[in-house]
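Okay, model10.txt is below, compact mmCIF, C-alpha atoms and all ligand atoms:
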```txt
# COMPACT_ATOMS: atom_id res chain seq x y z
CA MET A 2 -44.16 -29.73 3.50
CA ASP A 3 -46.97 -27.52 2.22
CA ASN A 4 -45.06 -24.32 2.83
CA LEU A 5 -42.03 -25.10 0.68
CA GLY A 6 -42.17 -22.85 -2.37
CA HIS A 7 -41.38 -23.72 -5.98
CA LEU A 8 -38.50 -23.02 -8.32
CA THR A 9 -39.44 -21.51 -11.66
CA PRO A 10 -37.34 -20.75 -14.72
CA GLU A 11 -39.13 -17.42 -15.27
CA ASP A 12 -37.08 -14.35 -14.62
CA GLU A 13 -38.84 -10.99 -14.83
CA ILE A 14 -35.76 -9.04 -13.83
CA PHE A 15 -32.72 -10.42 -15.63
CA LEU A 16 -32.49 -10.97 -19.35
CA ASP A 17 -29.00 -12.47 -18.88
CA GLU A 18 -27.48 -12.24 -15.43
CA ASP A 19 -24.18 -13.76 -16.62
CA VAL A 20 -23.39 -10.38 -18.15
CA LEU A 21 -22.86 -9.06 -14.61
CA ARG A 22 -20.69 -11.90 -13.45
CA ASP A 23 -16.99 -11.45 -12.92
CA ASP A 24 -15.90 -13.96 -15.53
CA TYR A 25 -17.92 -12.31 -18.30
CA ASP A 26 -15.69 -11.11 -21.10
CA PRO A 27 -17.16 -7.80 -22.26
CA SER A 28 -16.95 -6.95 -25.93
CA ARG A 29 -16.76 -3.26 -25.07
CA ILE A 30 -14.37 -1.68 -22.63
CA LEU A 31 -15.51 1.80 -21.85
CA GLU A 32 -13.87 4.85 -20.31
CA ARG A 33 -10.40 3.44 -20.84
CA ASP A 34 -9.50 4.87 -24.24
CA GLU A 35 -6.63 6.94 -23.01
CA VAL A 36 -4.99 4.20 -20.91
CA LEU A 37 -5.59 1.47 -23.48
CA ASN A 38 -4.21 3.55 -26.34
CA ARG A 39 -1.09 4.26 -24.33
CA TYR A 40 -0.89 0.57 -23.53
CA LEU A 41 -1.27 -0.36 -27.19
CA GLN A 42 1.46 2.10 -28.16
CA MET A 43 3.87 0.16 -25.93
CA PHE A 44 3.82 -2.48 -28.65
CA SER A 45 4.47 -0.21 -31.61
CA GLU A 46 7.96 -1.76 -32.01
CA VAL A 47 6.35 -5.15 -32.55
CA ILE A 48 4.51 -3.97 -35.63
CA ARG A 49 7.76 -2.54 -36.97
CA GLY A 50 9.39 -5.94 -36.53
CA LYS A 51 11.56 -4.83 -33.62
CA ARG A 52 12.05 -6.25 -30.15
CA PRO A 53 9.10 -5.60 -27.83
CA ARG A 54 9.34 -3.67 -24.62
CA ASN A 55 8.60 -5.22 -21.28
CA VAL A 56 5.64 -3.56 -19.61
CA PHE A 57 4.58 -3.41 -15.98
CA VAL A 58 0.83 -2.96 -15.56
CA TYR A 59 -0.56 -2.03 -12.17
CA GLY A 60 -3.69 -0.69 -10.55
CA PRO A 61 -6.19 -1.87 -7.96
CA THR A 62 -8.33 -4.93 -8.37
CA GLY A 63 -11.28 -4.84 -10.77
CA VAL A 64 -10.37 -1.84 -12.88
CA GLY A 65 -9.96 -3.54 -16.24
CA LYS A 66 -6.32 -4.65 -16.27
CA THR A 67 -7.16 -8.20 -17.32
CA VAL A 68 -9.86 -7.38 -19.87
CA GLY A 69 -7.82 -4.39 -21.10
CA THR A 70 -4.73 -6.54 -21.64
CA HIS A 71 -6.82 -9.06 -23.51
CA LEU A 72 -8.13 -6.36 -25.81
CA VAL A 73 -4.72 -4.76 -26.39
CA LEU A 74 -3.03 -8.09 -27.16
CA ASP A 75 -5.83 -9.01 -29.56
CA ARG A 76 -5.30 -5.69 -31.33
CA VAL A 77 -1.53 -6.23 -31.56
CA ARG A 78 -2.11 -9.66 -33.10
CA GLU A 79 -4.71 -8.28 -35.47
CA ASP A 80 -2.50 -5.38 -36.57
CA ALA A 81 0.47 -7.71 -37.00
CA ASP A 82 -1.64 -9.82 -39.35
CA GLY A 83 -1.60 -6.99 -41.84
CA VAL A 84 2.20 -6.63 -41.80
CA ASP A 85 4.61 -8.79 -43.77
CA ASP A 86 7.17 -10.73 -41.76
CA VAL A 87 5.57 -9.98 -38.41
CA ASP A 88 3.34 -12.38 -36.58
CA VAL A 89 2.57 -12.49 -32.93
CA THR A 90 1.76 -15.16 -30.38
CA ALA A 91 0.26 -13.61 -27.26
CA VAL A 92 -0.14 -15.60 -24.08
CA GLN A 93 -2.09 -14.24 -21.13
CA MET A 94 -1.63 -16.39 -18.05
CA GLU A 95 -3.21 -16.07 -14.64
CA CYS A 96 -0.67 -16.59 -11.83
CA ARG A 97 -3.22 -16.61 -9.00
CA ASP A 98 -2.35 -20.16 -7.95
CA LEU A 99 1.27 -20.06 -9.02
CA ASN A 100 3.41 -18.89 -6.18
CA THR A 101 6.89 -19.67 -7.40
CA SER A 102 8.89 -18.94 -10.51
CA TYR A 103 9.12 -22.68 -11.04
CA GLN A 104 5.35 -23.07 -11.24
CA VAL A 105 5.06 -20.11 -13.59
CA ALA A 106 7.74 -21.58 -15.86
CA VAL A 107 6.09 -25.04 -15.96
CA ASN A 108 2.71 -23.56 -16.76
CA LEU A 109 4.20 -21.37 -19.48
CA VAL A 110 5.88 -24.37 -21.07
CA ASN A 111 2.50 -26.08 -21.16
CA VAL A 112 0.66 -23.07 -22.55
CA LEU A 113 3.30 -22.62 -25.26
CA ARG A 114 3.13 -26.30 -26.11
CA GLU A 115 -0.65 -26.25 -26.57
CA SER A 116 -0.31 -25.37 -30.23
CA THR A 117 2.56 -27.79 -30.86
CA PRO A 118 2.81 -31.59 -31.13
CA ARG A 119 4.93 -31.61 -27.95
CA SER A 120 3.11 -32.91 -24.91
CA SER A 121 2.62 -31.01 -21.70
CA ILE A 122 4.88 -31.62 -18.72
CA SER A 123 4.07 -32.50 -15.14
CA THR A 124 3.84 -29.56 -12.73
CA THR A 125 6.31 -31.19 -10.32
CA GLY A 126 9.42 -33.30 -10.36
CA TYR A 127 11.77 -31.51 -12.77
CA PRO A 128 14.95 -29.78 -11.70
CA GLU A 129 14.35 -26.03 -12.04
CA GLY A 130 17.12 -25.67 -14.62
CA ASP A 131 15.45 -28.24 -16.89
CA VAL A 132 12.16 -26.38 -16.76
CA TYR A 133 13.86 -23.16 -17.80
CA ASP A 134 15.66 -25.00 -20.61
CA MET A 135 12.31 -26.29 -21.86
CA LEU A 136 10.73 -22.85 -21.56
CA PHE A 137 13.41 -21.04 -23.55
CA ASP A 138 13.49 -23.85 -26.06
CA GLU A 139 9.77 -23.39 -26.65
CA LEU A 140 10.34 -19.69 -27.16
CA ARG A 141 13.13 -20.33 -29.69
CA LYS A 142 10.91 -22.80 -31.54
CA ALA A 143 7.83 -20.55 -31.62
CA ASP A 144 6.54 -20.32 -35.17
CA THR A 145 5.87 -16.58 -34.89
CA THR A 146 8.36 -13.73 -34.99
CA HIS A 147 7.17 -12.36 -31.64
CA VAL A 148 5.90 -13.90 -28.43
CA LEU A 149 4.25 -11.62 -25.89
CA ILE A 150 3.76 -13.11 -22.45
CA ALA A 151 1.34 -11.41 -20.07
CA LEU A 152 1.49 -12.73 -16.52
CA ASP A 153 -1.56 -11.66 -14.52
CA GLU A 154 -1.40 -11.30 -10.73
CA ILE A 155 2.37 -11.78 -10.74
CA ASP A 156 2.61 -10.59 -7.15
CA ASN A 157 1.73 -14.17 -6.16
CA ILE A 158 5.25 -15.30 -6.94
CA GLY A 159 6.47 -12.98 -4.17
CA THR A 160 10.23 -12.72 -4.04
CA SER A 161 10.71 -15.83 -6.16
CA ASP A 162 10.97 -13.57 -9.19
CA ASN A 163 13.66 -15.38 -11.17
CA VAL A 164 11.38 -16.16 -14.07
CA LEU A 165 10.59 -12.49 -14.59
CA TYR A 166 14.26 -11.66 -14.84
CA LYS A 167 15.02 -14.50 -17.21
CA LEU A 168 12.04 -13.87 -19.47
CA GLY A 169 12.42 -10.12 -19.44
CA ARG A 170 15.94 -10.17 -20.81
CA CYS A 171 16.14 -13.44 -22.75
CA ASN A 172 16.74 -11.58 -26.03
CA ASN A 173 19.87 -9.95 -24.56
CA ARG A 174 22.96 -11.57 -25.97
CA ASN A 175 24.63 -11.80 -22.55
CA SER A 176 21.63 -13.52 -20.99
CA ALA A 177 22.22 -17.01 -19.59
CA LYS A 178 19.02 -18.15 -21.32
CA PHE A 179 19.60 -16.33 -24.59
CA VAL A 180 16.84 -16.51 -27.18
CA ASP A 181 18.14 -15.12 -30.46
CA PRO A 182 15.78 -12.30 -31.51
CA ASP A 183 16.22 -13.53 -35.08
CA ASP A 184 14.39 -16.67 -33.94
CA THR A 185 11.84 -15.11 -31.59
CA LYS A 186 11.46 -11.68 -30.07
CA VAL A 187 10.03 -11.93 -26.58
CA GLY A 188 8.12 -9.30 -24.60
CA LEU A 189 7.02 -9.65 -20.99
CA ILE A 190 4.00 -7.98 -19.45
CA GLY A 191 3.64 -8.21 -15.68
CA ILE A 192 0.25 -7.35 -14.23
CA THR A 193 -0.45 -6.79 -10.56
CA ASN A 194 -2.98 -5.18 -8.27
CA ASP A 195 -0.38 -4.79 -5.56
CA SER A 196 1.20 -1.44 -6.32
CA THR A 197 3.93 -2.03 -3.76
CA PHE A 198 5.02 -5.22 -5.54
CA ARG A 199 7.24 -3.16 -7.82
CA ASP A 200 9.23 -1.98 -4.83
CA SER A 201 9.64 -5.47 -3.44
CA LEU A 202 11.17 -6.81 -6.66
CA ASP A 203 14.84 -7.61 -6.89
CA PRO A 204 16.44 -4.43 -8.35
CA ARG A 205 17.60 -6.34 -11.44
CA VAL A 206 14.07 -7.61 -12.09
CA LYS A 207 12.64 -4.18 -11.43
CA SER A 208 14.86 -2.51 -13.99
CA THR A 209 14.06 -5.24 -16.54
CA LEU A 210 10.30 -5.31 -16.07
CA CYS A 211 9.33 -1.88 -14.84
CA GLU A 212 11.04 0.36 -17.34
CA HIS A 213 7.68 0.99 -18.98
CA GLU A 214 4.61 1.22 -16.81
CA ILE A 215 0.90 1.45 -17.39
CA HIS A 216 -1.28 2.49 -14.49
CA PHE A 217 -4.97 1.63 -14.38
CA PRO A 218 -6.51 4.06 -11.90
CA PRO A 219 -9.87 3.50 -10.17
CA TYR A 220 -12.93 4.88 -11.98
CA ASP A 221 -14.91 7.90 -10.87
CA ALA A 222 -18.70 7.81 -10.52
CA ASN A 223 -19.30 9.13 -14.06
CA GLU A 224 -17.10 6.47 -15.60
CA LEU A 225 -18.74 3.74 -13.57
CA ARG A 226 -22.11 5.04 -14.68
CA THR A 227 -21.17 4.59 -18.34
CA ILE A 228 -19.86 1.07 -17.71
CA LEU A 229 -22.93 0.07 -15.70
CA LYS A 230 -25.38 1.54 -18.17
CA ASP A 231 -23.83 -0.36 -21.02
CA ARG A 232 -23.76 -3.65 -19.13
CA ALA A 233 -27.26 -3.20 -17.66
CA ALA A 234 -28.75 -2.94 -21.16
CA ASP A 235 -27.69 -6.54 -21.82
CA ALA A 236 -28.28 -7.87 -18.32
CA PHE A 237 -31.80 -6.65 -17.51
CA HIS A 238 -35.15 -6.72 -19.27
CA ASP A 239 -36.23 -3.37 -20.72
CA GLY A 240 -37.74 -0.95 -18.23
CA VAL A 241 -36.83 -3.01 -15.16
CA LEU A 242 -34.37 -0.50 -13.71
CA THR A 243 -35.75 2.75 -12.35
CA ASP A 244 -33.78 5.78 -13.58
CA ASP A 245 -31.88 6.30 -10.35
CA VAL A 246 -30.50 2.75 -10.07
CA VAL A 247 -27.43 3.11 -12.29
CA PRO A 248 -26.39 6.55 -10.94
CA ILE A 249 -26.74 5.49 -7.33
CA THR A 250 -24.93 2.20 -7.90
CA ALA A 251 -22.11 4.10 -9.58
CA ALA A 252 -22.00 6.61 -6.72
CA PHE A 253 -21.79 3.89 -4.06
CA ALA A 254 -19.12 1.96 -5.94
CA ALA A 255 -17.08 5.09 -6.59
CA LYS A 256 -17.22 5.95 -2.91
CA ARG A 257 -16.32 2.45 -1.80
CA SER A 258 -13.50 1.71 -4.22
CA GLY A 259 -13.83 3.01 -7.75
CA TYR A 260 -13.59 -0.53 -9.09
CA ALA A 261 -15.82 -1.72 -11.93
CA ARG A 262 -16.00 -5.12 -10.28
CA THR A 263 -17.52 -3.57 -7.14
CA ALA A 264 -20.06 -1.65 -9.23
CA LEU A 265 -21.12 -4.65 -11.30
CA ASP A 266 -21.40 -6.83 -8.24
CA LEU A 267 -23.56 -4.24 -6.50
CA LEU A 268 -25.90 -3.96 -9.47
CA TYR A 269 -26.15 -7.73 -9.67
CA THR A 270 -26.94 -8.04 -5.97
CA ALA A 271 -29.60 -5.29 -6.20
CA GLY A 272 -31.23 -7.10 -9.14
CA ASP A 273 -31.08 -10.36 -7.25
CA LEU A 274 -32.75 -8.78 -4.20
CA ALA A 275 -35.57 -7.46 -6.41
CA ARG A 276 -35.98 -10.87 -8.00
CA SER A 277 -36.04 -12.77 -4.74
CA SER A 278 -38.64 -10.39 -3.29
CA ASP A 279 -40.77 -10.82 -6.42
CA ASP A 280 -40.60 -7.10 -7.21
CA ASP A 281 -41.24 -5.99 -10.78
CA VAL A 282 -38.59 -3.32 -10.86
CA VAL A 283 -35.19 -2.67 -9.32
CA THR A 284 -35.16 0.54 -7.32
CA GLU A 285 -32.76 2.71 -5.38
CA GLN A 286 -33.93 0.90 -2.24
CA HIS A 287 -32.65 -2.42 -3.57
CA VAL A 288 -29.30 -0.83 -4.29
CA ARG A 289 -29.07 0.61 -0.79
CA GLN A 290 -29.97 -2.71 0.75
CA ALA A 291 -27.50 -4.53 -1.47
CA GLU A 292 -24.74 -2.08 -0.58
CA GLU A 293 -25.36 -2.60 3.09
CA GLU A 294 -25.40 -6.37 2.82
CA ILE A 295 -22.26 -6.53 0.71
CA GLN A 296 -20.32 -4.12 2.88
CA GLN A 297 -21.27 -5.68 6.15
CA GLY A 298 -20.79 -9.24 5.08
CA ALA A 299 -17.48 -8.74 3.36
CA ILE A 300 -15.86 -6.40 5.79
CA VAL A 301 -16.94 -8.10 8.98
CA SER A 302 -15.83 -11.54 7.83
CA GLU A 303 -12.64 -10.09 6.44
CA ILE A 304 -11.76 -8.49 9.76
CA THR A 305 -12.80 -11.53 11.79
CA SER A 306 -10.47 -13.77 9.82
CA LEU A 307 -7.42 -11.49 10.11
CA SER A 308 -4.27 -12.67 11.89
CA PRO A 309 -3.57 -11.07 15.30
CA GLN A 310 -1.15 -8.63 13.63
CA GLY A 311 -3.72 -7.88 10.93
CA LYS A 312 -6.26 -7.06 13.63
CA LEU A 313 -3.79 -4.73 15.30
CA VAL A 314 -3.30 -2.97 11.98
CA ALA A 315 -7.08 -2.69 11.53
CA TYR A 316 -7.40 -1.27 15.05
CA THR A 317 -4.63 1.22 14.30
CA LEU A 318 -6.67 2.44 11.33
CA LEU A 319 -9.71 2.84 13.56
CA ALA A 320 -7.78 4.68 16.26
CA LEU A 321 -6.18 7.08 13.78
CA ASP A 322 -9.58 7.71 12.23
CA ASN A 323 -11.04 8.33 15.68
CA GLU A 324 -8.35 10.93 16.33
CA GLY A 325 -8.83 12.63 12.97
CA GLU A 326 -5.35 11.58 11.82
CA LEU A 327 -6.32 9.98 8.51
CA PRO A 328 -5.14 9.91 5.78
CA ALA A 329 -1.82 8.90 7.30
CA LYS A 330 1.54 8.21 5.76
CA MET A 331 3.27 4.93 6.46
CA ASP A 332 5.70 6.27 9.07
CA ALA A 333 2.93 7.88 11.12
CA PHE A 334 0.86 4.74 10.77
CA TYR A 335 3.72 2.54 11.84
CA ALA A 336 4.52 4.69 14.88
CA TRP A 337 0.93 4.33 16.06
CA TYR A 338 0.95 0.60 15.34
CA GLU A 339 4.10 0.21 17.48
CA HIS A 340 2.37 2.07 20.28
CA ALA A 341 -0.64 -0.27 20.05
CA ALA A 342 1.62 -3.33 19.96
CA ARG A 343 3.43 -2.13 23.09
CA LEU A 344 0.13 -1.63 24.93
CA THR A 345 -0.94 -5.19 24.08
CA GLU A 346 2.54 -6.55 24.84
CA THR A 347 2.62 -8.02 21.35
CA ASP A 348 5.85 -8.39 19.36
CA THR A 349 6.06 -5.82 16.60
CA VAL A 350 6.50 -6.78 12.95
CA THR A 351 8.52 -4.74 10.48
CA ALA A 352 7.15 -1.68 8.68
CA ARG A 353 7.19 -3.70 5.47
CA THR A 354 4.95 -6.37 6.98
CA VAL A 355 2.59 -3.72 8.32
CA ARG A 356 2.45 -2.22 4.85
CA ASP A 357 1.62 -5.64 3.39
CA LEU A 358 -1.13 -6.11 5.98
CA LEU A 359 -2.49 -2.67 5.15
CA ASN A 360 -2.42 -3.49 1.47
CA ASP A 361 -4.46 -6.61 2.16
CA LEU A 362 -7.01 -4.34 3.83
CA VAL A 363 -6.95 -2.09 0.77
CA ILE A 364 -7.59 -5.04 -1.53
CA ASN A 365 -10.50 -6.10 0.63
CA GLY A 366 -12.12 -2.67 0.70
CA VAL A 367 -11.39 -1.90 4.35
CA ALA A 368 -8.74 0.74 3.69
CA LYS A 369 -7.90 3.08 0.87
CA MET A 370 -4.48 3.96 -0.40
CA GLU A 371 -3.55 6.97 -2.47
CA GLU A 372 -0.26 7.38 -4.18
CA ILE A 373 1.49 10.71 -3.89
CA ASN A 374 4.15 11.15 -6.47
CA ARG A 375 6.55 13.93 -5.71
CA GLY A 376 8.54 13.50 -8.88
CA GLN A 377 12.05 12.14 -9.16
CA ARG A 378 13.36 13.79 -6.01
CA GLY A 379 10.54 13.28 -3.56
CA GLY A 380 9.81 9.72 -4.67
CA ARG A 381 6.58 7.87 -4.25
CA HIS A 382 4.54 7.97 -1.03
CA TYR A 383 1.36 6.27 -0.02
CA ARG A 384 -1.29 7.64 2.29
CA TYR A 385 -3.81 5.38 3.91
CA SER A 386 -7.33 6.04 5.07
CA LEU A 387 -10.52 4.16 5.82
CA ALA A 388 -12.66 2.85 2.96
CA ALA A 389 -15.25 1.07 5.12
CA HIS A 390 -17.55 2.40 7.81
CA PRO A 391 -15.73 2.26 11.17
CA GLU A 392 -18.68 0.37 12.72
CA MET A 393 -18.07 -2.58 10.41
CA ILE A 394 -14.45 -2.84 11.46
CA VAL A 395 -15.57 -2.58 15.08
CA ASP A 396 -18.05 -5.42 14.44
CA GLY A 397 -15.26 -7.59 13.10
CA LEU A 398 -12.97 -6.85 16.05
CA THR A 399 -15.34 -7.07 19.01
CA GLU A 400 -14.82 -10.80 19.48
CA ASP A 401 -11.07 -10.36 19.86
CA ASP A 402 -10.06 -10.09 23.53
CA THR A 403 -6.65 -8.55 22.86
CA ILE A 404 -8.17 -5.76 20.83
CA THR A 405 -11.06 -5.07 23.20
CA GLU A 406 -8.62 -4.96 26.14
CA LEU A 407 -6.40 -2.60 24.18
CA ASP A 408 -9.36 -0.32 23.64
CA GLU A 409 -10.25 -0.48 27.32
CA GLN A 410 -6.69 0.56 28.19
CA ARG A 411 -7.20 3.56 25.93
CA GLY A 412 -10.35 4.50 27.84
CA GLY A 413 -12.84 2.60 25.66
CA LYS A 414 -12.54 5.21 22.94
CA ILE A 415 -13.84 2.98 20.18
CA PHE A 416 -15.75 0.05 21.73
CA ARG A 417 -17.85 2.08 24.10
N1 LIG B 1 -13.71 -0.19 -18.61
C1 LIG B 1 -14.48 -1.27 -18.45
N2 LIG B 1 -15.55 -1.47 -19.25
C2 LIG B 1 -16.32 -2.55 -19.07
N3 LIG B 1 -16.14 -3.47 -18.11
C3 LIG B 1 -15.10 -3.31 -17.28
C4 LIG B 1 -14.22 -2.20 -17.41
N4 LIG B 1 -13.28 -2.30 -16.45
C5 LIG B 1 -13.55 -3.40 -15.76
N5 LIG B 1 -14.64 -4.03 -16.25
C6 LIG B 1 -15.25 -5.24 -15.72
O1 LIG B 1 -14.88 -5.32 -14.34
C7 LIG B 1 -14.52 -6.66 -14.00
C8 LIG B 1 -13.11 -6.71 -13.50
O2 LIG B 1 -12.21 -6.37 -14.56
P1 LIG B 1 -10.77 -7.03 -14.70
O3 LIG B 1 -10.85 -8.50 -14.40
O4 LIG B 1 -10.15 -6.62 -15.96
O5 LIG B 1 -10.06 -6.32 -13.47
P2 LIG B 1 -8.53 -6.35 -13.04
O6 LIG B 1 -8.11 -4.93 -12.97
O7 LIG B 1 -7.75 -7.26 -13.90
O8 LIG B 1 -8.67 -6.95 -11.59
P3 LIG B 1 -7.75 -8.03 -10.83
O9 LIG B 1 -6.50 -7.31 -10.50
O10 LIG B 1 -8.54 -8.40 -9.64
O11 LIG B 1 -7.53 -9.17 -11.78
C9 LIG B 1 -14.75 -7.50 -15.23
O12 LIG B 1 -16.01 -8.08 -15.12
C10 LIG B 1 -14.73 -6.50 -16.36
O13 LIG B 1 -15.58 -6.96 -17.34
```

What would the structure in this file look like if it were written as structure tokens?
Amino acid sequence: MDNLGHLTPEDEIFLDEDVLRDDYDPSRILERDEVLNRYLQMFSEVIRGKRPRNVFVYGPTGVGKTVGTHLVLDRVREDADGVDDVDVTAVQMECRDLNTSYQVAVNLVNVLRESTPRSSISTTGYPEGDVYDMLFDELRKADTTHVLIALDEIDNIGTSDNVLYKLGRCNNRNSAKFVDPDDTKVGLIGITNDSTFRDSLDPRVKSTLCEHEIHFPPYDANELRTILKDRAADAFHDGVLTDDVVPITAAFAAKRSGYARTALDLLYTAGDLARSSDDDVVTEQHVRQAEEEIQQGAIVSEITSLSPQGKLVAYTLLALDNEGELPAKMDAFYAWYEHAARLTETDTVTARTVRDLLNDLVINGVAKMEEINRGQRGGRHYRYSLAAHPEMIVDGLTEDDTITELDEQRGGKIFR
């Protein structure tokens, strides 16, 4: 095996690549002053010793909701430290793997018990009512005046949203699980990257949780540039990035999604490409290559693994794009989807399911969604368009016979 190379610990490119990883907790959050200050102000009642508001936090994936919440809750705790008779426990819990209210409640009991002598409970086997009793008991017994509970990725609990209702109004005297505010004042923060989740909530939950909202919008290229520049200074050795690397990375990420996560991942991949080709510097070329690799890999495998209905939705996007009909509102989109389903003799799913499938495509960078708010009267609308290159979606769909036959029926407009 003479040709097998060697591994070496030397790294001429990265000073600390962990700084670009997703689980890195940045000490600075940039370009979010306005949103974070508004977010912080939501807790002004806490510092005055009053009952907290419940807050609904939404925005796409990777735009700072988790790190921003962390920072805001730290600041609330810190500010409460300076005030007599106010002290705050803040719990930030990830609900990614918790898909029922029951699981959320059990995990909360255990998180709240961490700082007590009481032992944690098993994640299964209790009647639901007992788990809620334990949860509200923990809240009553908390040794701080306020408990703020931030539940991240709450959309995972789907329509099993009982726990949100109970937690959100437990300080109300008429609540079945009443927690006397004189014992503990409880505030609930629900965080989601599914902006349609709000609309799928039970109306009672919605009015409890969503009275106060904080929206984290995607970043523009300038904002991403600031974030990348700051992070790159800690991640790379001095002088390793050519001047155009950060601006072009920001521009690509802004075009693709506007998410900081996308931008950081792209910069990391570009650096990794330079390192694995033994180059001394990271250049625009590495960024371009990284962008292509990331886009192709992610999108193609995303599309390939879609359900048959998901593929039909992806094809509908392509067809509308091909006909110059994007961005499209949901009703126009659904009408075209129904047409495609008829042609393939597939059963149609409801508009709500199609919207969910489209939102999955948004989360995975295939589609883009913009919210159009026409004020109180007009309500909220969403318009969908393509975020990925059409060729990548085509690549992901070419192996699917139903879709290729559908395209043939339409005169081979897309898969020529
Ligand atoms: N304004 C910012 N300044 C510095 N880093 C940021 C900023 N916004 C996001 N990031 C970084 O982007 C990554 C994703 O951020 P975060 O986890 O907060 O996103 P999110 O909106 O909670 O996404 P998700 O909904 O997927 O959980 C993290 O690595 C975070 O450090």

Let me see if you get this right: every residue at most 9 Å from ligand LIG 1 (chain B), counting only C-alpha atoms and all ligand atoms, written as a short mmCIF file (atom, residue, chain, number, x, y, z; two decimals) with C-alpha atoms, in the coordinates of the input.
```
data_model
loop_
_atom_site.label_atom_id
_atom_site.label_comp_id
_atom_site.auth_asym_id
_atom_site.auth_seq_id
_atom_site.Cartn_x
_atom_site.Cartn_y
_atom_site.Cartn_z
CA VAL A 20 -23.39 -10.38 -18.15
CA LEU A 21 -22.86 -9.06 -14.61
CA ARG A 22 -20.69 -11.90 -13.45
CA ASP A 23 -16.99 -11.45 -12.92
CA ASP A 24 -15.90 -13.96 -15.53
CA TYR A 25 -17.92 -12.31 -18.30
CA ASP A 26 -15.69 -11.11 -21.10
CA PRO A 27 -17.16 -7.80 -22.26
CA SER A 28 -16.95 -6.95 -25.93
CA ARG A 29 -16.76 -3.26 -25.07
CA ILE A 30 -14.37 -1.68 -22.63
CA LEU A 31 -15.51 1.80 -21.85
CA GLU A 32 -13.87 4.85 -20.31
CA ARG A 33 -10.40 3.44 -20.84
CA ASP A 34 -9.50 4.87 -24.24
CA TYR A 59 -0.56 -2.03 -12.17
CA GLY A 60 -3.69 -0.69 -10.55
CA PRO A 61 -6.19 -1.87 -7.96
CA THR A 62 -8.33 -4.93 -8.37
CA GLY A 63 -11.28 -4.84 -10.77
CA VAL A 64 -10.37 -1.84 -12.88
CA GLY A 65 -9.96 -3.54 -16.24
CA LYS A 66 -6.32 -4.65 -16.27
CA THR A 67 -7.16 -8.20 -17.32
CA VAL A 68 -9.86 -7.38 -19.87
CA GLY A 69 -7.82 -4.39 -21.10
CA THR A 70 -4.73 -6.54 -21.64
CA HIS A 71 -6.82 -9.06 -23.51
CA GLU A 95 -3.21 -16.07 -14.64
CA ASP A 153 -1.56 -11.66 -14.52
CA GLU A 154 -1.40 -11.30 -10.73
CA ILE A 192 0.25 -7.35 -14.23
CA THR A 193 -0.45 -6.79 -10.56
CA ASN A 194 -2.98 -5.18 -8.27
CA ASP A 195 -0.38 -4.79 -5.56
CA PHE A 217 -4.97 1.63 -14.38
CA TYR A 220 -12.93 4.88 -11.98
CA GLU A 224 -17.10 6.47 -15.60
CA LEU A 225 -18.74 3.74 -13.57
CA THR A 227 -21.17 4.59 -18.34
CA ILE A 228 -19.86 1.07 -17.71
CA LEU A 229 -22.93 0.07 -15.70
CA ASP A 231 -23.83 -0.36 -21.02
CA ARG A 232 -23.76 -3.65 -19.13
CA TYR A 260 -13.59 -0.53 -9.09
CA ALA A 261 -15.82 -1.72 -11.93
CA ARG A 262 -16.00 -5.12 -10.28
CA THR A 263 -17.52 -3.57 -7.14
CA ALA A 264 -20.06 -1.65 -9.23
CA LEU A 265 -21.12 -4.65 -11.30
CA ASP A 266 -21.40 -6.83 -8.24
CA ILE A 364 -7.59 -5.04 -1.53
#
```

Show me, as a ChimeraX atom specification, the residues that have an atom within 9 Å of stretch 334-339 of chain A when counting all atoms listed in the file, minus same-chain residues fewer than 2 positions from it. /A:313-314,316-318,320-321,329-332,341-344,348-352,355-356,385

Rows by chain and residue number, stretch 342-390 of chain A within 12 Å of stretch 243-256 of chain A, shortest pair, all atoms listed in the file, as a tab-separated table:
```
residue	atom	partner	partner_atom	distance
A:Gly366	CA	A:Lys256	CA	10.6
A:Ala368	CA	A:Lys256	CA	11.9
A:Lys369	CA	A:Lys256	CA	10.5
A:Leu387	CA	A:Lys256	CA	11.1
A:Ala388	CA	A:Lys256	CA	8.1
A:Ala389	CA	A:Lys256	CA	9.6
A:His390	CA	A:Lys256	CA	11.3
```

Write out, as a tab-separated table (two decimals), in the coordinates of the input, the residues just selected, with C-alpha atoms.
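Output file again_36.tsv follows:
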```tsv
chain	number	residue	atom	x	y	z
A	366	GLY	CA	-12.12	-2.67	0.70
A	368	ALA	CA	-8.74	0.74	3.69
A	369	LYS	CA	-7.90	3.08	0.87
A	387	LEU	CA	-10.52	4.16	5.82
A	388	ALA	CA	-12.66	2.85	2.96
A	389	ALA	CA	-15.25	1.07	5.12
A	390	HIS	CA	-17.55	2.40	7.81
```

Could you name the residues that touch A:Met94 at 9 Å or less, counting all atoms listed in the file, but leaving out those on the same chain fewer than 6 positions away, as a PyMOL selection string? chain A and resi 105+108-109+112+150-154

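Among the candidates A:Arg114, A:Arg289, A:Arg39, A:Lys414, the one nearest to A:Gly272 when counting all atoms listed in the file is A:Arg289.
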
Taking all atoms listed in the file into account, name the residue in A:Gly397, A:Gly240, A:Pro53, A:Gly126 that is nearest to A:Ser302.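 Using all atoms listed in the file, the shortest distance to A:Ser302 belongs to A:Gly397.
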
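Across A:Asn323, A:Gln93, A:Ser45, A:Asn163, the tightest approach to A:Lys178 is made by A:Asn163 when counting only C-alpha atoms.
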
Would you please work out which residue, of A:Asn111, A:Leu189, A:Pro219, A:Asp88, is nearest to A:Val36 when using all atoms listed in the file?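 Counting all atoms listed in the file, the residue closest to A:Val36 is A:Pro219.
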